[in-house]
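Next comes coords-v9.pdb, a file with PDB, C-alpha atoms.
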MODEL        1
ATOM      1  CA  MET W   1      75.324 -84.176  -0.008
ATOM      2  CA  LYS W   2      76.690 -80.941   1.401
ATOM      3  CA  ILE W   3      75.581 -79.016   4.466
ATOM      4  CA  SER W   4      75.353 -75.287   5.152
ATOM      5  CA  LEU W   5      74.345 -73.731   8.467
ATOM      6  CA  HIS W   6      72.584 -70.367   8.663
ATOM      7  CA  THR W   7      72.032 -68.547  11.955
ATOM      8  CA  PHE W   8      69.378 -65.919  12.586
ATOM      9  CA  GLU W   9      68.228 -63.753  15.466
ATOM     10  CA  LEU W  10      64.469 -63.625  14.959
ATOM     11  CA  ALA W  11      62.953 -60.419  16.336
ATOM     12  CA  LEU W  12      59.443 -60.724  17.768
ATOM     13  CA  GLN W  13      56.644 -58.207  17.218
ATOM     14  CA  HIS W  14      56.012 -58.051  20.978
ATOM     15  CA  PRO W  15      57.847 -59.326  24.064
ATOM     16  CA  PHE W  16      56.619 -62.896  24.527
ATOM     17  CA  THR W  17      55.985 -64.102  28.064
ATOM     18  CA  ILE W  18      55.096 -67.555  29.347
ATOM     19  CA  SER W  19      54.947 -68.703  32.970
ATOM     20  CA  ARG W  20      58.719 -69.176  33.233
ATOM     21  CA  ARG W  21      60.359 -66.527  31.013
ATOM     22  CA  THR W  22      60.067 -63.488  28.717
ATOM     23  CA  PHE W  23      61.934 -63.052  25.445
ATOM     24  CA  ASN W  24      62.128 -60.430  22.674
ATOM     25  CA  THR W  25      64.171 -62.383  20.136
ATOM     26  CA  GLN W  26      64.593 -66.032  19.222
ATOM     27  CA  SER W  27      67.911 -67.499  18.068
ATOM     28  CA  SER W  28      67.448 -69.902  15.175
ATOM     29  CA  LEU W  29      69.614 -72.349  13.253
ATOM     30  CA  VAL W  30      68.550 -73.191   9.699
ATOM     31  CA  LEU W  31      70.224 -76.269   8.261
ATOM     32  CA  GLU W  32      70.509 -76.549   4.474
ATOM     33  CA  LEU W  33      71.313 -79.813   2.683
ATOM     34  CA  GLN W  34      72.386 -79.573  -0.958
ATOM     35  CA  HIS W  35      72.456 -82.322  -3.586
ATOM     36  CA  ASN W  36      72.312 -82.217  -7.395
ATOM     37  CA  GLY W  37      71.287 -78.569  -7.506
ATOM     38  CA  LEU W  38      68.489 -78.951  -4.939
ATOM     39  CA  SER W  39      68.355 -77.639  -1.369
ATOM     40  CA  GLY W  40      66.407 -78.950   1.605
ATOM     41  CA  PHE W  41      65.845 -76.846   4.723
ATOM     42  CA  GLY W  42      65.238 -77.576   8.395
ATOM     43  CA  GLU W  43      65.153 -75.411  11.509
ATOM     44  CA  ALA W  44      65.689 -75.570  15.255
ATOM     45  CA  THR W  45      65.601 -72.694  17.727
ATOM     46  CA  SER W  46      67.351 -72.110  21.020
ATOM     47  CA  ASN W  47      65.482 -72.952  24.225
ATOM     48  CA  PRO W  48      66.952 -72.630  27.736
ATOM     49  CA  TYR W  49      64.377 -75.011  29.270
ATOM     50  CA  TYR W  50      65.819 -77.785  27.084
ATOM     51  CA  ASN W  51      69.436 -76.530  27.174
ATOM     52  CA  SER W  52      69.442 -75.865  23.442
ATOM     53  CA  THR W  53      71.570 -73.098  21.916
ATOM     54  CA  VAL W  54      72.615 -72.393  18.355
ATOM     55  CA  GLU W  55      76.238 -72.849  19.400
ATOM     56  CA  THR W  56      75.691 -76.310  20.893
ATOM     57  CA  MET W  57      73.685 -77.423  17.867
ATOM     58  CA  ARG W  58      76.425 -76.288  15.478
ATOM     59  CA  SER W  59      78.994 -78.107  17.589
ATOM     60  CA  ASP W  60      76.924 -81.287  17.796
ATOM     61  CA  LEU W  61      76.349 -81.415  14.033
ATOM     62  CA  VAL W  62      80.076 -82.000  13.483
ATOM     63  CA  ALA W  63      79.337 -85.609  14.446
ATOM     64  CA  VAL W  64      77.241 -86.173  11.297
ATOM     65  CA  LEU W  65      79.399 -84.404   8.697
ATOM     66  CA  ASP W  66      80.834 -87.663   7.401
ATOM     67  CA  LEU W  67      77.365 -89.252   7.196
ATOM     68  CA  ILE W  68      76.058 -86.261   5.247
ATOM     69  CA  GLU W  69      78.997 -86.126   2.851
ATOM     70  CA  ARG W  70      78.695 -89.861   2.100
ATOM     71  CA  SER W  71      74.960 -89.667   1.457
ATOM     72  CA  ASN W  72      73.532 -89.605  -2.074
ATOM     73  CA  LEU W  73      69.874 -89.653  -0.955
ATOM     74  CA  ASN W  74      69.908 -93.443  -1.317
ATOM     75  CA  ALA W  75      68.526 -93.900   2.190
ATOM     76  CA  SER W  76      64.874 -93.219   2.925
ATOM     77  CA  PRO W  77      64.215 -90.394   5.403
ATOM     78  CA  SER W  78      63.501 -92.881   8.190
ATOM     79  CA  GLU W  79      66.693 -94.826   7.431
ATOM     80  CA  PHE W  80      68.744 -91.637   7.371
ATOM     81  CA  TRP W  81      67.169 -90.507  10.647
ATOM     82  CA  SER W  82      68.176 -93.778  12.334
ATOM     83  CA  GLN W  83      71.765 -93.352  11.162
ATOM     84  CA  ALA W  84      71.861 -89.735  12.318
ATOM     85  CA  LYS W  85      70.133 -90.528  15.640
ATOM     86  CA  ALA W  86      73.000 -92.839  16.592
ATOM     87  CA  LEU W  87      75.362 -89.865  16.276
ATOM     88  CA  LEU W  88      73.074 -87.162  17.699
ATOM     89  CA  LYS W  89      71.312 -89.076  20.463
ATOM     90  CA  ASN W  90      71.956 -86.245  22.929
ATOM     91  CA  SER W  91      71.050 -83.410  20.553
ATOM     92  CA  MET W  92      67.381 -83.715  19.587
ATOM     93  CA  PHE W  93      67.079 -80.117  18.381
ATOM     94  CA  ALA W  94      69.963 -80.515  15.921
ATOM     95  CA  LEU W  95      68.591 -83.894  14.838
ATOM     96  CA  CYS W  96      65.233 -82.234  14.170
ATOM     97  CA  ALA W  97      66.747 -79.621  11.852
ATOM     98  CA  LEU W  98      68.645 -82.331   9.990
ATOM     99  CA  ASP W  99      65.586 -84.575   9.680
ATOM    100  CA  GLN W 100      63.416 -81.742   8.359
ATOM    101  CA  ALA W 101      66.060 -80.779   5.797
ATOM    102  CA  TYR W 102      66.500 -84.364   4.621
ATOM    103  CA  HIS W 103      62.732 -84.845   4.244
ATOM    104  CA  ASP W 104      62.495 -81.603   2.272
ATOM    105  CA  LEU W 105      65.386 -82.518  -0.010
ATOM    106  CA  TYR W 106      64.243 -86.122  -0.468
ATOM    107  CA  ALA W 107      60.699 -85.122  -1.484
ATOM    108  CA  LYS W 108      62.087 -82.452  -3.825
ATOM    109  CA  SER W 109      64.286 -85.078  -5.471
ATOM    110  CA  LYS W 110      61.143 -87.148  -6.104
ATOM    111  CA  GLY W 111      59.299 -84.136  -7.548
ATOM    112  CA  VAL W 112      56.488 -84.200  -4.964
ATOM    113  CA  LYS W 113      55.305 -82.256  -1.950
ATOM    114  CA  LEU W 114      56.169 -83.912   1.354
ATOM    115  CA  TYR W 115      52.561 -84.755   2.252
ATOM    116  CA  GLU W 116      52.236 -86.393  -1.180
ATOM    117  CA  PHE W 117      55.348 -88.478  -0.519
ATOM    118  CA  TRP W 118      53.694 -89.705   2.683
ATOM    119  CA  GLY W 119      50.431 -90.418   0.852
ATOM    120  CA  TYR W 120      48.361 -87.900   2.827
ATOM    121  CA  SER W 121      45.289 -86.039   1.600
ATOM    122  CA  ILE W 122      44.883 -82.370   2.563
ATOM    123  CA  ASP W 123      41.128 -82.335   2.023
ATOM    124  CA  LYS W 124      40.570 -81.876   5.745
ATOM    125  CA  ILE W 125      43.211 -80.206   7.907
ATOM    126  CA  PRO W 126      42.935 -78.298  11.216
ATOM    127  CA  GLN W 127      43.350 -74.547  11.559
ATOM    128  CA  THR W 128      46.158 -73.126  13.647
ATOM    129  CA  ASN W 129      45.640 -71.087  16.783
ATOM    130  CA  PHE W 130      47.308 -67.719  17.414
ATOM    131  CA  THR W 131      49.106 -67.334  20.756
ATOM    132  CA  ILE W 132      48.588 -64.496  23.215
ATOM    133  CA  GLY W 133      51.552 -64.314  25.604
ATOM    134  CA  ILE W 134      51.256 -63.279  29.239
ATOM    135  CA  ASP W 135      51.061 -59.511  29.749
ATOM    136  CA  THR W 136      48.873 -57.021  31.538
ATOM    137  CA  ILE W 137      45.207 -57.723  30.907
ATOM    138  CA  GLU W 138      44.952 -54.515  28.912
ATOM    139  CA  ASN W 139      47.888 -55.468  26.668
ATOM    140  CA  MET W 140      46.592 -59.005  26.160
ATOM    141  CA  VAL W 141      43.297 -57.560  24.963
ATOM    142  CA  ILE W 142      45.182 -55.254  22.577
ATOM    143  CA  LYS W 143      47.239 -58.149  21.179
ATOM    144  CA  MET W 144      44.101 -60.167  20.597
ATOM    145  CA  THR W 145      42.008 -57.422  19.049
ATOM    146  CA  GLU W 146      44.780 -56.398  16.648
ATOM    147  CA  LYS W 147      44.953 -59.999  15.374
ATOM    148  CA  LYS W 148      41.428 -61.244  14.663
ATOM    149  CA  TRP W 149      41.612 -65.045  14.693
ATOM    150  CA  PRO W 150      39.245 -68.041  14.975
ATOM    151  CA  ILE W 151      41.286 -69.852  17.670
ATOM    152  CA  TYR W 152      43.526 -68.350  20.350
ATOM    153  CA  LYS W 153      46.002 -70.074  22.608
ATOM    154  CA  ILE W 154      46.219 -68.013  25.789
ATOM    155  CA  LYS W 155      49.321 -68.302  27.939
ATOM    156  CA  LEU W 156      48.515 -68.306  31.650
ATOM    157  CA  GLY W 157      50.241 -69.020  34.952
ATOM    158  CA  THR W 158      49.586 -65.765  36.823
ATOM    159  CA  LYS W 159      47.536 -64.692  39.841
ATOM    160  CA  GLU W 160      44.957 -63.171  37.467
ATOM    161  CA  ASP W 161      44.328 -66.105  35.147
ATOM    162  CA  ILE W 162      40.547 -66.247  35.392
ATOM    163  CA  ALA W 163      40.262 -62.457  35.190
ATOM    164  CA  ILE W 164      42.385 -62.509  32.028
ATOM    165  CA  VAL W 165      40.138 -65.024  30.262
ATOM    166  CA  ARG W 166      36.949 -63.304  31.424
ATOM    167  CA  GLU W 167      38.148 -60.009  29.931
ATOM    168  CA  LEU W 168      39.386 -61.546  26.685
ATOM    169  CA  ARG W 169      36.056 -63.311  26.231
ATOM    170  CA  LYS W 170      34.285 -59.943  26.185
ATOM    171  CA  HIS W 171      36.067 -59.080  22.928
ATOM    172  CA  THR W 172      35.739 -62.224  20.786
ATOM    173  CA  ASP W 173      33.666 -65.344  20.122
ATOM    174  CA  ALA W 174      36.781 -67.290  19.080
ATOM    175  CA  VAL W 175      37.729 -70.678  20.519
ATOM    176  CA  PHE W 176      40.146 -70.425  23.462
ATOM    177  CA  ARG W 177      42.880 -72.894  24.346
ATOM    178  CA  ILE W 178      44.756 -72.437  27.619
ATOM    179  CA  ASP W 179      48.469 -73.158  28.119
ATOM    180  CA  ALA W 180      49.660 -72.678  31.696
ATOM    181  CA  ASN W 181      53.180 -74.016  30.957
ATOM    182  CA  CYS W 182      53.367 -76.045  34.204
ATOM    183  CA  GLY W 183      52.175 -73.069  36.273
ATOM    184  CA  TRP W 184      49.249 -74.589  38.245
ATOM    185  CA  THR W 185      48.641 -77.245  40.875
ATOM    186  CA  ALA W 186      46.141 -80.045  40.295
ATOM    187  CA  ASP W 187      43.558 -78.457  42.603
ATOM    188  CA  GLU W 188      43.961 -75.082  40.883
ATOM    189  CA  ALA W 189      43.533 -76.680  37.483
ATOM    190  CA  ILE W 190      40.414 -78.595  38.558
ATOM    191  CA  GLU W 191      38.759 -75.437  39.882
ATOM    192  CA  ASN W 192      39.957 -73.239  37.016
ATOM    193  CA  ALA W 193      38.624 -75.721  34.461
ATOM    194  CA  LYS W 194      35.100 -75.366  35.836
ATOM    195  CA  VAL W 195      35.122 -71.634  35.170
ATOM    196  CA  LEU W 196      37.085 -71.803  31.940
ATOM    197  CA  LYS W 197      34.656 -74.272  30.398
ATOM    198  CA  THR W 198      31.875 -71.678  30.764
ATOM    199  CA  LEU W 199      34.153 -69.177  28.981
ATOM    200  CA  GLY W 200      34.490 -71.244  25.824
ATOM    201  CA  VAL W 201      37.826 -72.934  26.509
ATOM    202  CA  GLU W 202      38.450 -76.048  24.411
ATOM    203  CA  PHE W 203      41.231 -77.692  26.442
ATOM    204  CA  LEU W 204      44.042 -77.094  28.927
ATOM    205  CA  GLU W 205      47.613 -77.659  27.806
ATOM    206  CA  GLN W 206      50.178 -78.798  30.387
ATOM    207  CA  PRO W 207      48.749 -77.016  33.435
ATOM    208  CA  LEU W 208      50.933 -78.977  35.892
ATOM    209  CA  PRO W 209      54.718 -79.428  36.219
ATOM    210  CA  ALA W 210      55.941 -82.209  33.934
ATOM    211  CA  GLU W 211      57.045 -84.430  36.814
ATOM    212  CA  ASP W 212      53.719 -84.222  38.710
ATOM    213  CA  TRP W 213      52.228 -87.507  37.523
ATOM    214  CA  GLU W 214      50.180 -87.963  40.696
ATOM    215  CA  GLY W 215      48.597 -84.563  40.146
ATOM    216  CA  ALA W 216      48.095 -85.335  36.463
ATOM    217  CA  LYS W 217      46.165 -88.493  37.344
ATOM    218  CA  LYS W 218      43.938 -86.545  39.732
ATOM    219  CA  LEU W 219      43.340 -83.832  37.159
ATOM    220  CA  TYR W 220      42.589 -86.374  34.433
ATOM    221  CA  LYS W 221      39.871 -87.905  36.608
ATOM    222  CA  HIS W 222      38.251 -84.674  37.789
ATOM    223  CA  SER W 223      38.766 -82.025  35.106
ATOM    224  CA  VAL W 224      35.703 -80.924  33.144
ATOM    225  CA  LEU W 225      38.030 -79.972  30.269
ATOM    226  CA  PRO W 226      40.396 -82.212  28.265
ATOM    227  CA  ILE W 227      44.064 -82.049  29.280
ATOM    228  CA  VAL W 228      46.819 -82.077  26.631
ATOM    229  CA  ALA W 229      50.412 -82.987  27.516
ATOM    230  CA  ASP W 230      53.335 -80.878  26.345
ATOM    231  CA  GLU W 231      56.317 -80.876  28.710
ATOM    232  CA  SER W 232      55.198 -84.336  29.919
ATOM    233  CA  CYS W 233      55.482 -85.761  26.383
ATOM    234  CA  ILE W 234      58.896 -85.093  24.888
ATOM    235  CA  VAL W 235      60.077 -88.256  23.091
ATOM    236  CA  GLU W 236      58.472 -91.405  21.694
ATOM    237  CA  ALA W 237      58.664 -93.356  24.952
ATOM    238  CA  ASP W 238      56.551 -90.697  26.678
ATOM    239  CA  VAL W 239      53.428 -91.255  24.568
ATOM    240  CA  GLU W 240      52.414 -94.478  26.289
ATOM    241  CA  LYS W 241      53.081 -92.901  29.693
ATOM    242  CA  CYS W 242      50.500 -90.221  28.928
ATOM    243  CA  ALA W 243      47.627 -92.644  28.409
ATOM    244  CA  GLY W 244      45.369 -92.446  31.459
ATOM    245  CA  TYR W 245      46.934 -89.148  32.545
ATOM    246  CA  PHE W 246      46.103 -86.912  29.563
ATOM    247  CA  HIS W 247      43.461 -86.776  26.854
ATOM    248  CA  GLY W 248      45.921 -85.752  24.153
ATOM    249  CA  ILE W 249      49.547 -84.920  23.428
ATOM    250  CA  ASN W 250      51.271 -81.909  21.882
ATOM    251  CA  ILE W 251      54.327 -83.076  19.951
ATOM    252  CA  LYS W 252      57.201 -80.646  19.400
ATOM    253  CA  LEU W 253      59.452 -81.682  16.527
ATOM    254  CA  MET W 254      62.551 -80.209  18.158
ATOM    255  CA  LYS W 255      62.000 -82.048  21.408
ATOM    256  CA  CYS W 256      61.425 -85.468  19.846
ATOM    257  CA  GLY W 257      64.062 -85.200  17.106
ATOM    258  CA  GLY W 258      62.124 -84.377  13.953
ATOM    259  CA  LEU W 259      59.389 -85.507  11.598
ATOM    260  CA  THR W 260      60.379 -89.177  11.637
ATOM    261  CA  PRO W 261      59.720 -89.820  15.345
ATOM    262  CA  ALA W 262      56.791 -87.372  15.344
ATOM    263  CA  ARG W 263      54.921 -89.500  12.816
ATOM    264  CA  ARG W 264      55.446 -92.584  14.971
ATOM    265  CA  MET W 265      54.258 -90.649  18.047
ATOM    266  CA  ILE W 266      51.109 -89.593  16.207
ATOM    267  CA  LYS W 267      50.324 -93.195  15.261
ATOM    268  CA  LYS W 268      50.983 -94.435  18.797
ATOM    269  CA  ALA W 269      48.780 -91.708  20.279
ATOM    270  CA  LYS W 270      45.924 -92.614  17.953
ATOM    271  CA  ASP W 271      46.285 -96.283  18.849
ATOM    272  CA  LEU W 272      45.947 -95.285  22.530
ATOM    273  CA  GLY W 273      42.903 -93.078  21.885
ATOM    274  CA  LEU W 274      44.762 -89.808  22.523
ATOM    275  CA  LYS W 275      44.115 -86.617  20.571
ATOM    276  CA  THR W 276      47.062 -85.441  18.469
ATOM    277  CA  MET W 277      48.585 -81.994  18.218
ATOM    278  CA  VAL W 278      51.871 -80.582  16.951
ATOM    279  CA  GLY W 279      53.203 -77.288  18.261
ATOM    280  CA  CYS W 280      55.879 -74.869  17.174
ATOM    281  CA  MET W 281      58.583 -73.258  19.304
ATOM    282  CA  THR W 282      58.532 -69.715  17.894
ATOM    283  CA  GLU W 283      60.372 -70.708  14.741
ATOM    284  CA  SER W 284      60.182 -69.168  11.285
ATOM    285  CA  THR W 285      58.354 -70.395   8.189
ATOM    286  CA  VAL W 286      61.170 -72.932   7.690
ATOM    287  CA  GLY W 287      60.202 -75.079  10.672
ATOM    288  CA  VAL W 288      56.497 -74.328  10.469
ATOM    289  CA  SER W 289      56.355 -75.481   6.838
ATOM    290  CA  ALA W 290      57.617 -78.889   7.968
ATOM    291  CA  ILE W 291      54.863 -79.047  10.606
ATOM    292  CA  ALA W 292      52.246 -78.215   7.964
ATOM    293  CA  HIS W 293      52.783 -81.488   6.123
ATOM    294  CA  LEU W 294      51.687 -83.421   9.223
ATOM    295  CA  LEU W 295      48.328 -81.612   9.361
ATOM    296  CA  PRO W 296      46.254 -84.412   7.773
ATOM    297  CA  GLU W 297      47.134 -86.602  10.775
ATOM    298  CA  LEU W 298      46.349 -84.025  13.493
ATOM    299  CA  ASP W 299      43.376 -82.950  15.578
ATOM    300  CA  TYR W 300      44.955 -79.619  16.577
ATOM    301  CA  VAL W 301      47.956 -77.558  15.560
ATOM    302  CA  ASP W 302      49.885 -74.604  16.953
ATOM    303  CA  MET W 303      52.055 -73.289  14.104
ATOM    304  CA  ASP W 304      51.821 -69.538  14.569
ATOM    305  CA  GLY W 305      55.569 -68.933  15.007
ATOM    306  CA  PRO W 306      56.039 -66.814  11.873
ATOM    307  CA  LEU W 307      53.018 -64.688  12.812
ATOM    308  CA  LEU W 308      54.769 -63.640  16.016
ATOM    309  CA  LEU W 309      57.891 -62.416  14.200
ATOM    310  CA  ALA W 310      58.657 -58.854  13.166
ATOM    311  CA  HIS W 311      60.250 -60.217   9.978
ATOM    312  CA  ASP W 312      60.268 -63.728   8.527
ATOM    313  CA  ILE W 313      63.348 -65.303   6.919
ATOM    314  CA  ALA W 314      61.738 -67.688   4.435
ATOM    315  CA  SER W 315      58.794 -68.371   2.174
ATOM    316  CA  GLY W 316      56.807 -71.576   2.367
ATOM    317  CA  VAL W 317      53.383 -72.263   3.812
ATOM    318  CA  ARG W 318      51.105 -69.255   4.184
ATOM    319  CA  ILE W 319      48.685 -68.728   7.064
ATOM    320  CA  GLU W 320      45.579 -66.563   6.729
ATOM    321  CA  ASN W 321      42.955 -66.302   9.477
ATOM    322  CA  GLY W 322      44.002 -69.675  10.861
ATOM    323  CA  THR W 323      43.901 -71.517   7.528
ATOM    324  CA  ILE W 324      47.111 -73.005   6.097
ATOM    325  CA  TYR W 325      47.941 -72.750   2.393
ATOM    326  CA  TYR W 326      50.735 -74.869   0.983
ATOM    327  CA  ALA W 327      53.529 -73.483  -1.171
ATOM    328  CA  GLU W 328      53.695 -74.306  -4.873
ATOM    329  CA  GLY W 329      57.109 -75.944  -4.630
ATOM    330  CA  HIS W 330      57.975 -79.549  -3.859
ATOM    331  CA  GLY W 331      59.179 -80.871  -0.513
ATOM    332  CA  THR W 332      58.074 -78.596   2.292
ATOM    333  CA  GLY W 333      58.060 -75.681  -0.155
ATOM    334  CA  VAL W 334      60.651 -73.645   1.754
ATOM    335  CA  GLU W 335      62.979 -71.092   0.204
ATOM    336  CA  LEU W 336      65.138 -68.699   2.221
ATOM    337  CA  LEU W 337      64.449 -65.023   1.538
TER
ENDMDL
END

In structure tokens, how does this file's structure come out?
Amino acid sequence: MKISLHTFELALQHPFTISRRTFNTQSSLVLELQHNGLSGFGEATSNPYYNSTVETMRSDLVAVLDLIERSNLNASPSEFWSQAKALLKNSMFALCALDQAYHDLYAKSKGVKLYEFWGYSIDKIPQTNFTIGIDTIENMVIKMTEKKWPIYKIKLGTKEDIAIVRELRKHTDAVFRIDANCGWTADEAIENAKVLKTLGVEFLEQPLPAEDWEGAKKLYKHSVLPIVADESCIVEADVEKCAGYFHGINIKLMKCGGLTPARRMIKKAKDLGLKTMVGCMTESTVGVSAIAHLLPELDYVDMDGPLLLAHDIASGVRIENGTIYYAEGHGTGVELL
């Protein structure tokens, strides 16, 4: 196998604000694995909260060059991931891009789509939400009304949170999901949930700081809305910790190290009675196409990254009004534009 690294600066349609930062562009690393005339693609983006940059990922991937060059796709994706994990144990974002690319290439070599390789049926898959970043109330209404959608994820963590949702509700009957990105206290979340439930909110995602387990327990007991973990559930070992503190988990492929551990996290969550969700991190169609093949196993999904971009860099899965359509090609169906 051979490896090629492609870097992109993904421009967003609008400045994107969450409770802790605002950004206009997203740096992305696309990893391409080549073997016998086929290419597999994976993606990871920069993220200051997790100390991930394109430069550090490129540097970290030097550790697996020998493993890649010696590989002839003889190892299964899970076997290859284990070998790579030993060399990239401190670089989950880079490991994610590598794992996605290997899955894509491996399924292509077998002449099947990735969900077919896993034995999944796509007869019933969830729709994706569309995210409305924090802005003035007026601008949030504009963003929502210019993108008619069946499910919205609304970023909160301001002094006007309830007013924002009340105003947005006047303009749509869509399902609302709330993501406060660690911006509330337990008491705030308990009180906010009472109002938000009457406004058609489905669940709250990570309202409290990740380390506030005492608050999470209190919220779990008293919230009238389900609570989904994000920053509190990063890697496989975190899933069991979330039982009794959250009603569900949102898995991010970059945080946990790729599709291989994500599938184990999904199974563990189901065994514990937790709802399952996978979320994107403002990546292009490359990374989102990998997420799409997990859909048959999920209750919810947030894979709107490409919809937030001014220009995409790849073809693959297509998203229309929340519904996901798979590409014709094998693997994850990704091709760089």

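Residues selected in this file by the PyMOL selection byres ((chain W and resi 114) around 7) comprise Asp104, Ala107, Val112, Lys113, Tyr115, Glu116, Phe117, Trp118, His293, Gly331 and Thr332 of chain W.
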
Quiz item: Selected by the PyMOL selection byres ((chain W and resi 92) around 8) in the shown coordinates: which residues, as a PyMOL selection string?
Solution: chain W and resi 88-91+93-96+254-258

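Nearest to Glu138 (chain W) of all the residues W:Ile3, W:Leu168, W:Val62, W:Ala101 is W:Leu168, counting all atoms listed in the file.
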
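Taking CA of Lys2 (chain W) and CA of Thr260 (chain W) as endpoints, the distance between them is 20.9 Å.
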
Exercise. Could you jot down the CA of Tyr49 (chain W) to CA of Arg21 (chain W) separation for me, Å, one decimal place?
Key: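 Between these atoms lies a distance of 9.5 Å.
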
Residues selected by the PyMOL selection byres ((chain W and resi 194) around 12), written as an mmCIF file with C-alpha atoms, in the frame of the given file:
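Now in result.cif:
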data_model
loop_
_atom_site.group_PDB
_atom_site.id
_atom_site.type_symbol
_atom_site.label_atom_id
_atom_site.label_comp_id
_atom_site.auth_asym_id
_atom_site.auth_seq_id
_atom_site.Cartn_x
_atom_site.Cartn_y
_atom_site.Cartn_z
ATOM 1 C CA ILE W 162 40.547 -66.247 35.392
ATOM 2 C CA ASP W 187 43.558 -78.457 42.603
ATOM 3 C CA GLU W 188 43.961 -75.082 40.883
ATOM 4 C CA ALA W 189 43.533 -76.680 37.483
ATOM 5 C CA ILE W 190 40.414 -78.595 38.558
ATOM 6 C CA GLU W 191 38.759 -75.437 39.882
ATOM 7 C CA ASN W 192 39.957 -73.239 37.016
ATOM 8 C CA ALA W 193 38.624 -75.721 34.461
ATOM 9 C CA VAL W 195 35.122 -71.634 35.170
ATOM 10 C CA LEU W 196 37.085 -71.803 31.940
ATOM 11 C CA LYS W 197 34.656 -74.272 30.398
ATOM 12 C CA THR W 198 31.875 -71.678 30.764
ATOM 13 C CA LEU W 199 34.153 -69.177 28.981
ATOM 14 C CA GLY W 200 34.490 -71.244 25.824
ATOM 15 C CA VAL W 201 37.826 -72.934 26.509
ATOM 16 C CA GLU W 202 38.450 -76.048 24.411
ATOM 17 C CA PHE W 203 41.231 -77.692 26.442
ATOM 18 C CA LEU W 204 44.042 -77.094 28.927
ATOM 19 C CA LEU W 219 43.340 -83.832 37.159
ATOM 20 C CA HIS W 222 38.251 -84.674 37.789
ATOM 21 C CA SER W 223 38.766 -82.025 35.106
ATOM 22 C CA VAL W 224 35.703 -80.924 33.144
ATOM 23 C CA LEU W 225 38.030 -79.972 30.269
ATOM 24 C CA PRO W 226 40.396 -82.212 28.265
#

Practice problem: Using all atoms listed in the file, pick whichever of W:Met1, W:Leu87, W:Pro48, W:Thr285 has the shortest atom-to-atom distance to Val334 (chain W). | Solution: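 Of all the options, W:Thr285 lies closest to Val334 (chain W).
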
Quiz prompt | Closest of W:Glu205, W:Asp271, W:Asp312, W:Glu231 to Phe8 (chain W) - atom-to-atom distances counting all atoms listed in the file | solution =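 The closest residue to Phe8 (chain W) is W:Asp312.
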
I need region 156-188 of chain W from the structure I supplied, saved as a PDB file, in the first residue's frame with C-alpha atoms retained.
ATOM      1  CA  LEU W 156     -26.752  27.254  22.680  1.00  0.00           C
ATOM      2  CA  GLY W 157     -24.750  28.451  25.673  1.00  0.00           C
ATOM      3  CA  THR W 158     -25.723  32.134  25.762  1.00  0.00           C
ATOM      4  CA  LYS W 159     -27.714  34.397  28.081  1.00  0.00           C
ATOM      5  CA  GLU W 160     -30.611  34.289  25.592  1.00  0.00           C
ATOM      6  CA  ASP W 161     -30.979  30.545  25.111  1.00  0.00           C
ATOM      7  CA  ILE W 162     -34.685  30.219  25.842  1.00  0.00           C
ATOM      8  CA  ALA W 163     -35.488  33.353  23.836  1.00  0.00           C
ATOM      9  CA  ILE W 164     -33.571  31.901  20.883  1.00  0.00           C
ATOM     10  CA  VAL W 165     -35.562  28.656  20.866  1.00  0.00           C
ATOM     11  CA  ARG W 166     -38.877  30.444  21.401  1.00  0.00           C
ATOM     12  CA  GLU W 167     -38.224  32.631  18.349  1.00  0.00           C
ATOM     13  CA  LEU W 168     -36.988  29.784  16.159  1.00  0.00           C
ATOM     14  CA  ARG W 169     -40.071  27.749  17.033  1.00  0.00           C
ATOM     15  CA  LYS W 170     -42.278  30.470  15.546  1.00  0.00           C
ATOM     16  CA  HIS W 171     -40.827  29.728  12.100  1.00  0.00           C
ATOM     17  CA  THR W 172     -40.857  25.919  11.841  1.00  0.00           C
ATOM     18  CA  ASP W 173     -42.528  22.723  13.051  1.00  0.00           C
ATOM     19  CA  ALA W 174     -39.248  20.794  12.739  1.00  0.00           C
ATOM     20  CA  VAL W 175     -37.769  18.685  15.535  1.00  0.00           C
ATOM     21  CA  PHE W 176     -35.236  20.592  17.660  1.00  0.00           C
ATOM     22  CA  ARG W 177     -32.147  19.149  19.311  1.00  0.00           C
ATOM     23  CA  ILE W 178     -30.157  21.351  21.686  1.00  0.00           C
ATOM     24  CA  ASP W 179     -26.356  21.302  22.029  1.00  0.00           C
ATOM     25  CA  ALA W 180     -25.029  23.616  24.735  1.00  0.00           C
ATOM     26  CA  ASN W 181     -21.412  22.398  24.337  1.00  0.00           C
ATOM     27  CA  CYS W 182     -20.760  22.303  28.113  1.00  0.00           C
ATOM     28  CA  GLY W 183     -22.214  25.799  28.575  1.00  0.00           C
ATOM     29  CA  TRP W 184     -24.786  25.231  31.372  1.00  0.00           C
ATOM     30  CA  THR W 185     -24.873  24.218  35.019  1.00  0.00           C
ATOM     31  CA  ALA W 186     -27.004  21.301  36.195  1.00  0.00           C
ATOM     32  CA  ASP W 187     -29.634  23.605  37.712  1.00  0.00           C
ATOM     33  CA  GLU W 188     -29.791  25.677  34.519  1.00  0.00           C
TER      34      GLU W 188
END
